[in-house]
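Visitor: Next up, query_9.pdb (PDB, C-alpha atoms).
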```pdb
MODEL        1
ATOM      1  CA  MET Q   1       0.000   0.000   0.000  1.00  0.00           C
ATOM      2  CA  ASN Q   2       1.327   3.443  -0.939  1.00  0.00           C
ATOM      3  CA  ASP Q   3       1.309   5.782   2.098  1.00  0.00           C
ATOM      4  CA  ALA Q   4       1.355   8.856  -0.171  1.00  0.00           C
ATOM      5  CA  LEU Q   5      -2.084   7.866  -1.469  1.00  0.00           C
ATOM      6  CA  HIS Q   6      -3.398   7.295   2.059  1.00  0.00           C
ATOM      7  CA  PRO Q   7      -2.165  10.177   4.224  1.00  0.00           C
ATOM      8  CA  ARG Q   8      -2.214   9.678   7.959  1.00  0.00           C
ATOM      9  CA  THR Q   9      -4.352  11.877  10.158  1.00  0.00           C
ATOM     10  CA  GLY Q  10      -3.351  13.550  13.387  1.00  0.00           C
ATOM     11  CA  TRP Q  11      -0.144  15.447  14.026  1.00  0.00           C
ATOM     12  CA  THR Q  12       2.554  16.285  11.484  1.00  0.00           C
ATOM     13  CA  PHE Q  13       6.191  17.327  11.750  1.00  0.00           C
ATOM     14  CA  LEU Q  14       5.833  20.556   9.778  1.00  0.00           C
ATOM     15  CA  THR Q  15       3.533  23.498  10.340  1.00  0.00           C
ATOM     16  CA  ASN Q  16       1.672  25.148   7.487  1.00  0.00           C
ATOM     17  CA  HIS Q  17       4.068  28.093   7.822  1.00  0.00           C
ATOM     18  CA  ALA Q  18       7.035  25.746   7.315  1.00  0.00           C
ATOM     19  CA  ARG Q  19       5.379  24.104   4.307  1.00  0.00           C
ATOM     20  CA  VAL Q  20       4.700  27.472   2.653  1.00  0.00           C
ATOM     21  CA  LEU Q  21       8.245  28.694   3.340  1.00  0.00           C
ATOM     22  CA  ALA Q  22       9.751  25.466   1.968  1.00  0.00           C
ATOM     23  CA  THR Q  23       7.621  25.725  -1.173  1.00  0.00           C
ATOM     24  CA  ILE Q  24       8.766  29.305  -1.724  1.00  0.00           C
ATOM     25  CA  ALA Q  25      12.396  28.314  -1.092  1.00  0.00           C
ATOM     26  CA  ARG Q  26      12.126  25.710  -3.878  1.00  0.00           C
ATOM     27  CA  ASP Q  27      10.567  28.199  -6.323  1.00  0.00           C
ATOM     28  CA  PRO Q  28      10.810  31.921  -5.395  1.00  0.00           C
ATOM     29  CA  GLY Q  29       8.509  32.868  -8.285  1.00  0.00           C
ATOM     30  CA  VAL Q  30       5.724  30.458  -7.309  1.00  0.00           C
ATOM     31  CA  ARG Q  31       2.125  31.721  -7.403  1.00  0.00           C
ATOM     32  CA  VAL Q  32      -0.103  31.733  -4.303  1.00  0.00           C
ATOM     33  CA  ARG Q  33      -2.479  29.407  -6.156  1.00  0.00           C
ATOM     34  CA  ASP Q  34       0.321  26.887  -6.709  1.00  0.00           C
ATOM     35  CA  ILE Q  35       1.532  27.145  -3.098  1.00  0.00           C
ATOM     36  CA  ALA Q  36      -2.015  26.424  -1.940  1.00  0.00           C
ATOM     37  CA  ALA Q  37      -2.273  23.376  -4.196  1.00  0.00           C
ATOM     38  CA  ARG Q  38       1.115  21.978  -3.151  1.00  0.00           C
ATOM     39  CA  CYS Q  39       0.482  22.541   0.572  1.00  0.00           C
ATOM     40  CA  LEU Q  40      -3.183  21.466   0.473  1.00  0.00           C
ATOM     41  CA  LEU Q  41      -4.300  24.837   1.840  1.00  0.00           C
ATOM     42  CA  THR Q  42      -6.695  27.523   0.677  1.00  0.00           C
ATOM     43  CA  GLU Q  43      -5.313  30.529  -1.186  1.00  0.00           C
ATOM     44  CA  ARG Q  44      -6.559  32.766   1.631  1.00  0.00           C
ATOM     45  CA  ALA Q  45      -4.665  30.697   4.224  1.00  0.00           C
ATOM     46  CA  VAL Q  46      -1.498  30.963   2.125  1.00  0.00           C
ATOM     47  CA  GLN Q  47      -1.918  34.739   1.819  1.00  0.00           C
ATOM     48  CA  LYS Q  48      -2.242  35.010   5.608  1.00  0.00           C
ATOM     49  CA  ILE Q  49       0.830  32.826   6.153  1.00  0.00           C
ATOM     50  CA  ILE Q  50       2.871  34.892   3.683  1.00  0.00           C
ATOM     51  CA  THR Q  51       1.801  38.057   5.537  1.00  0.00           C
ATOM     52  CA  ASP Q  52       2.881  36.465   8.850  1.00  0.00           C
ATOM     53  CA  LEU Q  53       6.250  35.451   7.397  1.00  0.00           C
ATOM     54  CA  GLU Q  54       6.835  38.916   5.920  1.00  0.00           C
ATOM     55  CA  THR Q  55       5.772  40.707   9.110  1.00  0.00           C
ATOM     56  CA  ASP Q  56       8.275  38.698  11.160  1.00  0.00           C
ATOM     57  CA  GLY Q  57      11.129  39.115   8.662  1.00  0.00           C
ATOM     58  CA  TYR Q  58      11.268  35.570   7.271  1.00  0.00           C
ATOM     59  CA  LEU Q  59      10.246  36.585   3.776  1.00  0.00           C
ATOM     60  CA  THR Q  60      10.238  39.574   1.450  1.00  0.00           C
ATOM     61  CA  HIS Q  61       8.740  40.022  -1.987  1.00  0.00           C
ATOM     62  CA  THR Q  62       9.075  42.286  -4.987  1.00  0.00           C
ATOM     63  CA  ARG Q  63       6.440  42.815  -7.643  1.00  0.00           C
ATOM     64  CA  SER Q  64       7.283  42.117 -11.258  1.00  0.00           C
ATOM     65  CA  GLY Q  65       4.231  42.991 -13.316  1.00  0.00           C
ATOM     66  CA  ARG Q  66       1.448  40.801 -11.978  1.00  0.00           C
ATOM     67  CA  SER Q  67       3.848  38.342 -10.329  1.00  0.00           C
ATOM     68  CA  ASN Q  68       5.708  38.257  -7.037  1.00  0.00           C
ATOM     69  CA  HIS Q  69       9.293  37.152  -6.529  1.00  0.00           C
ATOM     70  CA  TYR Q  70       9.966  36.033  -2.970  1.00  0.00           C
ATOM     71  CA  GLU Q  71      13.244  36.109  -1.084  1.00  0.00           C
ATOM     72  CA  ILE Q  72      14.164  34.475   2.221  1.00  0.00           C
ATOM     73  CA  PRO Q  73      16.736  36.677   4.002  1.00  0.00           C
ATOM     74  CA  GLU Q  74      19.884  34.827   5.038  1.00  0.00           C
ATOM     75  CA  GLY Q  75      20.602  34.430   8.736  1.00  0.00           C
ATOM     76  CA  THR Q  76      17.004  34.637   9.938  1.00  0.00           C
ATOM     77  CA  VAL Q  77      16.803  32.682  13.190  1.00  0.00           C
ATOM     78  CA  LEU Q  78      14.069  30.259  14.166  1.00  0.00           C
ATOM     79  CA  ARG Q  79      11.416  31.686  16.499  1.00  0.00           C
ATOM     80  CA  HIS Q  80      11.336  29.191  19.355  1.00  0.00           C
ATOM     81  CA  PRO Q  81      14.108  29.413  22.008  1.00  0.00           C
ATOM     82  CA  ALA Q  82      14.530  25.630  21.929  1.00  0.00           C
ATOM     83  CA  ASP Q  83      15.488  25.939  18.243  1.00  0.00           C
ATOM     84  CA  ALA Q  84      18.232  28.513  18.876  1.00  0.00           C
ATOM     85  CA  GLY Q  85      21.286  28.176  16.685  1.00  0.00           C
ATOM     86  CA  PRO Q  86      20.230  27.063  13.209  1.00  0.00           C
ATOM     87  CA  THR Q  87      18.843  29.623  10.784  1.00  0.00           C
ATOM     88  CA  VAL Q  88      15.899  29.291   8.440  1.00  0.00           C
ATOM     89  CA  ALA Q  89      18.281  28.770   5.519  1.00  0.00           C
TER      90      ALA Q  89
ENDMDL
END
```
What would you get if you wrote out this structure as structure tokens?
Guide:
Amino acid sequence: MNDALHPRTGWTFLTNHARVLATIARDPGVRVRDIAARCLLTERAVQKIITDLETDGYLTHTRSGRSNHYEIPEGTVLRHPADAGPTVA
């Protein structure tokens, strides 16, 4: 049986914020619609997460026509004190 076809319920290792950030890291020009599809979230939830990440300095974006290009600043530290040391990169 293929576990990818039958996802488990309950807790997961990654938060939705981490999933969105990882998706953007893989493709800085990705559309909100595509992030939502890849992360199994609504577009509105992705927009809120992107706003959270930008507000706290984990993400910036520049407009290019109708598209956004995202950038993850180097050296940004993880939020929780127990995760001190490694950076988001």
Visitor: Calculate how many Å separate CA of Asp27 in chain Q from CA of Leu14 in chain Q, rounding to one decimal.
Guide: 18.4 Å
Visitor: Hey, which of Q:Ala37, Q:Gln47, Q:Ile72, Q:Ala89 ends up closest to Thr60 in chain Q? Count only C-alpha atoms.
Guide: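 Between Q:Ala37, Q:Gln47, Q:Ile72, Q:Ala89, the residue approaching Thr60 in chain Q most closely is Q:Ile72.
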Visitor: Given the choices Q:His61, Q:His17, Q:His69, Q:Arg26, which gets closest to Ala45 in chain Q if the distance is worked out from all atoms listed in the file?
Guide: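 Among Q:His61, Q:His17, Q:His69, Q:Arg26, it is Q:His17 that comes nearest to Ala45 in chain Q.
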Visitor: To one decimal place in Å, what is the distance between CA of Leu40 in chain Q and CA of Tyr70 in chain Q?
Guide: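 Rounded to one decimal, the two atoms are 19.9 Å apart.
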Visitor: Name the closest residue to Tyr58 in chain Q among the candidates Q:Ile35, Q:Ala84, Q:Val30, Q:Leu78; distances are taken between atoms, counting all atoms listed in the file.
Guide: Q:Leu78
Visitor: Have a look at Q:Asn68, Q:Leu53, Q:Arg63, Q:Glu74 and name the one nearest to Pro86 in chain Q; count only C-alpha atoms.
Guide: Q:Glu74
Visitor: Looking at Q:Leu21, Q:Arg33, Q:Thr12, Q:Thr51, which one is nearest to Pro73 in chain Q, with distances taken over all atoms listed in the file?
Guide: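 When distances to Pro73 in chain Q are compared using all atoms listed in the file, the smallest one comes from Q:Leu21.
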Visitor: So the first atom is CA of Ala82 in chain Q and the second is CA of Gly57 in chain Q; what is the distance between them in Å, to one decimal place?
Guide: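 Computed distance, CA of Ala82 in chain Q to CA of Gly57 in chain Q, equals 19.2 Å.
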Visitor: Counting all atoms listed in the file, which of Q:Pro81, Q:Ala18, Q:Gly65, Q:Thr76 gets nearest to Ile50 in chain Q?
Guide: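 Among the listed residues, Q:Ala18 lies closest to Ile50 in chain Q.
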Visitor: Just the residues within 9 Å of Arg19 in chain Q, please, counting only C-alpha atoms, with nothing from its chain fewer than 3 positions along; format it as a short mmCIF file (atom, residue, chain, number, x, y, z; two decimals) with C-alpha atoms, in the frame of the given file.
Guide:
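Once written, around30.cif looks like this:
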```cif
data_model
loop_
_atom_site.label_atom_id
_atom_site.label_comp_id
_atom_site.auth_asym_id
_atom_site.auth_seq_id
_atom_site.Cartn_x
_atom_site.Cartn_y
_atom_site.Cartn_z
CA LEU Q 14 5.83 20.56 9.78
CA THR Q 15 3.53 23.50 10.34
CA ASN Q 16 1.67 25.15 7.49
CA ALA Q 22 9.75 25.47 1.97
CA THR Q 23 7.62 25.72 -1.17
CA ILE Q 24 8.77 29.30 -1.72
CA ILE Q 35 1.53 27.14 -3.10
CA ARG Q 38 1.12 21.98 -3.15
CA CYS Q 39 0.48 22.54 0.57
#
```
Visitor: With 3 Å of padding per side, what axis-aligned box (centre and edge lengths, Å, one decimal) covers all the listed atoms of range 12-24 of chain Q? Give it as AutoDock Vina command-line options.
Guide:
```
--center_x 5.7 --center_y 22.8 --center_z 5.0 --size_x 14.1 --size_y 19.0 --size_z 19.5
```
Visitor: Please, could N, CA, C and O atoms be added to range 15-27 of chain Q and the result written as a PDB file, keeping the file's coordinate frame?
Guide:
```pdb
ATOM      1  N   THR Q  15       4.691  22.616  10.274  1.00  0.00           N
ATOM      2  CA  THR Q  15       3.533  23.498  10.340  1.00  0.00           C
ATOM      3  C   THR Q  15       3.196  23.987   8.940  1.00  0.00           C
ATOM      4  O   THR Q  15       3.999  23.853   8.004  1.00  0.00           O
ATOM      5  N   ASN Q  16       2.036  24.572   8.780  1.00  0.00           N
ATOM      6  CA  ASN Q  16       1.672  25.148   7.487  1.00  0.00           C
ATOM      7  C   ASN Q  16       2.635  26.273   7.105  1.00  0.00           C
ATOM      8  O   ASN Q  16       2.974  26.441   5.935  1.00  0.00           O
ATOM      9  N   HIS Q  17       3.104  27.035   8.097  1.00  0.00           N
ATOM     10  CA  HIS Q  17       4.068  28.093   7.822  1.00  0.00           C
ATOM     11  C   HIS Q  17       5.356  27.495   7.247  1.00  0.00           C
ATOM     12  O   HIS Q  17       5.934  28.028   6.292  1.00  0.00           O
ATOM     13  N   ALA Q  18       5.817  26.397   7.809  1.00  0.00           N
ATOM     14  CA  ALA Q  18       7.035  25.746   7.315  1.00  0.00           C
ATOM     15  C   ALA Q  18       6.824  25.204   5.912  1.00  0.00           C
ATOM     16  O   ALA Q  18       7.711  25.307   5.055  1.00  0.00           O
ATOM     17  N   ARG Q  19       5.664  24.634   5.649  1.00  0.00           N
ATOM     18  CA  ARG Q  19       5.379  24.104   4.307  1.00  0.00           C
ATOM     19  C   ARG Q  19       5.388  25.222   3.264  1.00  0.00           C
ATOM     20  O   ARG Q  19       5.944  25.072   2.183  1.00  0.00           O
ATOM     21  N   VAL Q  20       4.744  26.341   3.586  1.00  0.00           N
ATOM     22  CA  VAL Q  20       4.700  27.472   2.653  1.00  0.00           C
ATOM     23  C   VAL Q  20       6.116  28.004   2.420  1.00  0.00           C
ATOM     24  O   VAL Q  20       6.522  28.228   1.277  1.00  0.00           O
ATOM     25  N   LEU Q  21       6.882  28.175   3.479  1.00  0.00           N
ATOM     26  CA  LEU Q  21       8.245  28.694   3.340  1.00  0.00           C
ATOM     27  C   LEU Q  21       9.110  27.742   2.518  1.00  0.00           C
ATOM     28  O   LEU Q  21       9.885  28.185   1.664  1.00  0.00           O
ATOM     29  N   ALA Q  22       8.981  26.452   2.733  1.00  0.00           N
ATOM     30  CA  ALA Q  22       9.751  25.466   1.968  1.00  0.00           C
ATOM     31  C   ALA Q  22       9.358  25.486   0.492  1.00  0.00           C
ATOM     32  O   ALA Q  22      10.213  25.381  -0.394  1.00  0.00           O
ATOM     33  N   THR Q  23       8.084  25.653   0.219  1.00  0.00           N
ATOM     34  CA  THR Q  23       7.621  25.725  -1.173  1.00  0.00           C
ATOM     35  C   THR Q  23       8.185  26.953  -1.863  1.00  0.00           C
ATOM     36  O   THR Q  23       8.644  26.892  -3.010  1.00  0.00           O
ATOM     37  N   ILE Q  24       8.206  28.078  -1.165  1.00  0.00           N
ATOM     38  CA  ILE Q  24       8.766  29.305  -1.724  1.00  0.00           C
ATOM     39  C   ILE Q  24      10.273  29.159  -1.906  1.00  0.00           C
ATOM     40  O   ILE Q  24      10.830  29.625  -2.904  1.00  0.00           O
ATOM     41  N   ALA Q  25      10.943  28.507  -0.974  1.00  0.00           N
ATOM     42  CA  ALA Q  25      12.396  28.314  -1.092  1.00  0.00           C
ATOM     43  C   ALA Q  25      12.729  27.502  -2.340  1.00  0.00           C
ATOM     44  O   ALA Q  25      13.739  27.752  -3.003  1.00  0.00           O
ATOM     45  N   ARG Q  26      11.896  26.537  -2.685  1.00  0.00           N
ATOM     46  CA  ARG Q  26      12.126  25.710  -3.878  1.00  0.00           C
ATOM     47  C   ARG Q  26      11.886  26.494  -5.167  1.00  0.00           C
ATOM     48  O   ARG Q  26      12.510  26.222  -6.186  1.00  0.00           O
ATOM     49  N   ASP Q  27      10.944  27.447  -5.123  1.00  0.00           N
ATOM     50  CA  ASP Q  27      10.567  28.199  -6.323  1.00  0.00           C
ATOM     51  C   ASP Q  27      10.154  29.609  -5.919  1.00  0.00           C
ATOM     52  O   ASP Q  27       8.977  29.856  -5.643  1.00  0.00           O
TER      53      ASP Q  27
END
```
